[in-house]
Amino acid sequence: MTNVHGRTKVVIGGIPVERLSAGEWCEQLLSDWRAIGSGQGRPKVVTTANGQVVSLFATDPVYRKAVLAADHVAADGMSVVKASRWRGREAIPERVSTTDWFHDAARAASEHGLKFYMIGATEEANQRAVARVREMYPKLQVVGRRNGYFKDEEIPAIAEQVAASGADVLWLAVGNPRQVVVAHRFKTLLPRVTWVRTCGGLFDFLAGERARAPLFLQKAGLEWAWRAALEPRRLLWRYLTTNVHSTYLMAFRSGRAT
């Protein structure tokens, strides 16, 4: 698989991650969208890699298979970017956090006419997130939404609703490891959707239920510490264990993609 710039990927912790900047990811989305419109493209699953993803990738075979089957993988975590720098010229140019990149995508979609469908979070958080997005981007077409609580047997019916809406990008936030597996299910049922884009906790940030870390912590790769401090019972132990595991994996299972 190649991207619009023909760049190679770099393997981080076993995961082939594409070496694209935030702006280049927007170009990739628009390129894939135009290909679908011309009848030359196909739907794609687009996901991300960070420390938690690297750890899950190594321990969950179903998740690993789903990640390897994804069409594009972006560097969501600063730890992934730093690990790529060990490869010298093959370094990923920057972290492309989903929470930040959503806004780049929304601006591009507003300009070019792409339609978004947003699935994830609780009903209340989803409503607030979508309302906030419509307020920030009045020209953006958010053509549908629903919460992220559904059973696998409901996926075909939900996919029918997404297809009927004419959506170009399905933002899917149902948590790892499930969301990448579910994204592939949606992909097979949505031949006219450009991307099924996993997005983790994005809606909680859009809804204002979670705060981003200060920029200096983000750049230092310490956003995880900020989040753990805000939600220690839920996140502290998870981050402490996955960070150690993922650091080992990124050190010894990284290299150039073939």
# chains A, B, ... in the order shown; residues from 1 in each chain; ligands from 1

call {"tool": "residues_around", "arguments": {"residues": "segment 169-181 of chain A", "least_positions_apart": "5", "cutoff": "9 Å", "atoms": "only C-alpha atoms", "output": "PyMOL selection string"}}
result
chain A and resi 33+45-47+52-53+56-57+60+62-63+65-67+70+114-121+147-149+162+186+193-203

call {"tool": "write_last_selection", "arguments": {"atoms": "C-alpha atoms", "output": "mmCIF file, in the first residue's frame"}}
result
data_model
loop_
_atom_site.group_PDB
_atom_site.id
_atom_site.type_symbol
_atom_site.label_atom_id
_atom_site.label_comp_id
_atom_site.auth_asym_id
_atom_site.auth_seq_id
_atom_site.Cartn_x
_atom_site.Cartn_y
_atom_site.Cartn_z
ATOM 1 C CA TRP A 33 -12.368 10.631 -1.273
ATOM 2 C CA VAL A 45 -10.027 1.593 7.693
ATOM 3 C CA VAL A 46 -7.777 4.244 9.201
ATOM 4 C CA THR A 47 -6.485 3.894 12.735
ATOM 5 C CA GLN A 52 -1.385 1.493 24.516
ATOM 6 C CA VAL A 53 -1.933 0.326 20.936
ATOM 7 C CA LEU A 56 -2.346 -4.381 22.875
ATOM 8 C CA PHE A 57 -0.943 -5.271 19.466
ATOM 9 C CA ASP A 60 -4.161 -9.550 21.606
ATOM 10 C CA VAL A 62 -7.451 -10.552 17.166
ATOM 11 C CA TYR A 63 -6.541 -6.905 17.616
ATOM 12 C CA LYS A 65 -4.773 -8.944 12.909
ATOM 13 C CA ALA A 66 -7.212 -6.008 12.689
ATOM 14 C CA VAL A 67 -4.444 -3.395 12.969
ATOM 15 C CA ALA A 70 -5.924 -1.440 8.396
ATOM 16 C CA LEU A 114 -17.119 15.841 2.720
ATOM 17 C CA LYS A 115 -19.812 14.561 5.069
ATOM 18 C CA PHE A 116 -19.154 13.206 8.572
ATOM 19 C CA TYR A 117 -21.047 10.591 10.601
ATOM 20 C CA MET A 118 -20.066 10.365 14.272
ATOM 21 C CA ILE A 119 -20.497 7.203 16.364
ATOM 22 C CA GLY A 120 -19.177 6.917 19.895
ATOM 23 C CA ALA A 121 -19.230 7.861 23.589
ATOM 24 C CA ASN A 147 -23.722 6.753 20.849
ATOM 25 C CA GLY A 148 -21.088 4.034 20.954
ATOM 26 C CA TYR A 149 -23.085 1.474 22.903
ATOM 27 C CA VAL A 162 -24.742 5.481 7.740
ATOM 28 C CA PHE A 186 -18.408 -1.366 8.865
ATOM 29 C CA VAL A 193 -17.720 5.592 2.580
ATOM 30 C CA THR A 194 -14.169 6.862 2.082
ATOM 31 C CA TRP A 195 -12.801 6.212 5.581
ATOM 32 C CA VAL A 196 -13.905 4.430 8.706
ATOM 33 C CA ARG A 197 -11.708 6.389 11.101
ATOM 34 C CA THR A 198 -11.191 5.120 14.657
ATOM 35 C CA CYS A 199 -10.966 7.939 17.172
ATOM 36 C CA GLY A 200 -10.879 6.604 20.747
ATOM 37 C CA GLY A 201 -11.803 9.272 23.285
ATOM 38 C CA LEU A 202 -12.243 12.076 20.740
ATOM 39 C CA PHE A 203 -15.896 12.783 21.526
#

call {"tool": "select_by_dssp", "arguments": {"residues": "segment 11-256 of chain A", "states": "helix (DSSP H, G or I)", "output": "number ranges by chain"}}
result
A: 22-37, 51-59, 61-69, 78-90, 98-112, 123-136, 152-165, 178-189, 202-206, 215-219, 223-230, 232-252

call {"tool": "select_by_dssp", "arguments": {"residues": "segment 27-220 of chain A", "states": "strand (DSSP E or B)", "output": "number ranges by chain"}}
result
A: 44-49, 72-75, 115-120, 141-146, 169-173, 195-198

call {"tool": "write_last_selection", "arguments": {"atoms": "C-alpha atoms", "output": "CSV table (one decimal), in the first residue's frame"}}
result
chain,number,residue,atom,x,y,z
A,44,LYS,CA,-10.5,2.2,4.0
A,45,VAL,CA,-10.0,1.6,7.7
A,46,VAL,CA,-7.8,4.2,9.2
A,47,THR,CA,-6.5,3.9,12.7
A,48,THR,CA,-3.7,5.1,14.9
A,49,ALA,CA,-0.7,3.9,17.0
A,72,HIS,CA,-3.6,3.5,7.0
A,73,VAL,CA,-2.0,3.9,10.5
A,74,ALA,CA,-1.1,7.3,11.9
A,75,ALA,CA,1.2,8.2,14.8
A,115,LYS,CA,-19.8,14.6,5.1
A,116,PHE,CA,-19.2,13.2,8.6
A,117,TYR,CA,-21.0,10.6,10.6
A,118,MET,CA,-20.1,10.4,14.3
A,119,ILE,CA,-20.5,7.2,16.4
A,120,GLY,CA,-19.2,6.9,19.9
A,141,GLN,CA,-22.0,18.5,7.1
A,142,VAL,CA,-22.5,16.2,10.0
A,143,VAL,CA,-25.1,13.9,8.5
A,144,GLY,CA,-25.7,11.5,11.4
A,145,ARG,CA,-24.6,10.5,14.9
A,146,ARG,CA,-25.3,7.9,17.6
A,169,VAL,CA,-16.1,9.7,6.8
A,170,LEU,CA,-17.4,7.5,9.7
A,171,TRP,CA,-15.8,8.6,12.9
A,172,LEU,CA,-15.9,5.5,15.2
A,173,ALA,CA,-15.1,5.8,18.9
A,195,TRP,CA,-12.8,6.2,5.6
A,196,VAL,CA,-13.9,4.4,8.7
A,197,ARG,CA,-11.7,6.4,11.1
A,198,THR,CA,-11.2,5.1,14.7

call {"tool": "atom_distance", "arguments": {"atom1": "atom CA of Gly208 of chain A", "atom2": "atom CA of Glu124 of chain A"}}
result
11.5 Å

call {"tool": "atom_distance", "arguments": {"atom1": "atom CA of Asn126 of chain A", "atom2": "atom CA of Thr99 of chain A"}}
result
14.7 Å

call {"tool": "closest_residue", "arguments": {"among": "A:Thr8, A:Leu249, A:Arg185, A:Lys139", "to": "Glu111 of chain A", "atoms": "only C-alpha atoms"}}
result
A:Lys139

call {"tool": "atom_distance", "arguments": {"atom1": "atom CA of Asp32 of chain A", "atom2": "atom CA of Ala109 of chain A"}}
result
12.7 Å

call {"tool": "closest_residue", "arguments": {"among": "A:Gly113, A:Pro156, A:Pro191, A:Pro93", "to": "Val17 of chain A", "atoms": "only C-alpha atoms"}}
result
A:Pro93

call {"tool": "closest_residue", "arguments": {"among": "A:His112, A:Arg42, A:Arg34, A:His245", "to": "Thr59 of chain A", "atoms": "only C-alpha atoms"}}
result
A:His245

call {"tool": "closest_residue", "arguments": {"among": "A:Lys9, A:Thr188, A:Leu140, A:Gln40", "to": "Ala108 of chain A", "atoms": "only C-alpha atoms"}}
result
A:Leu140
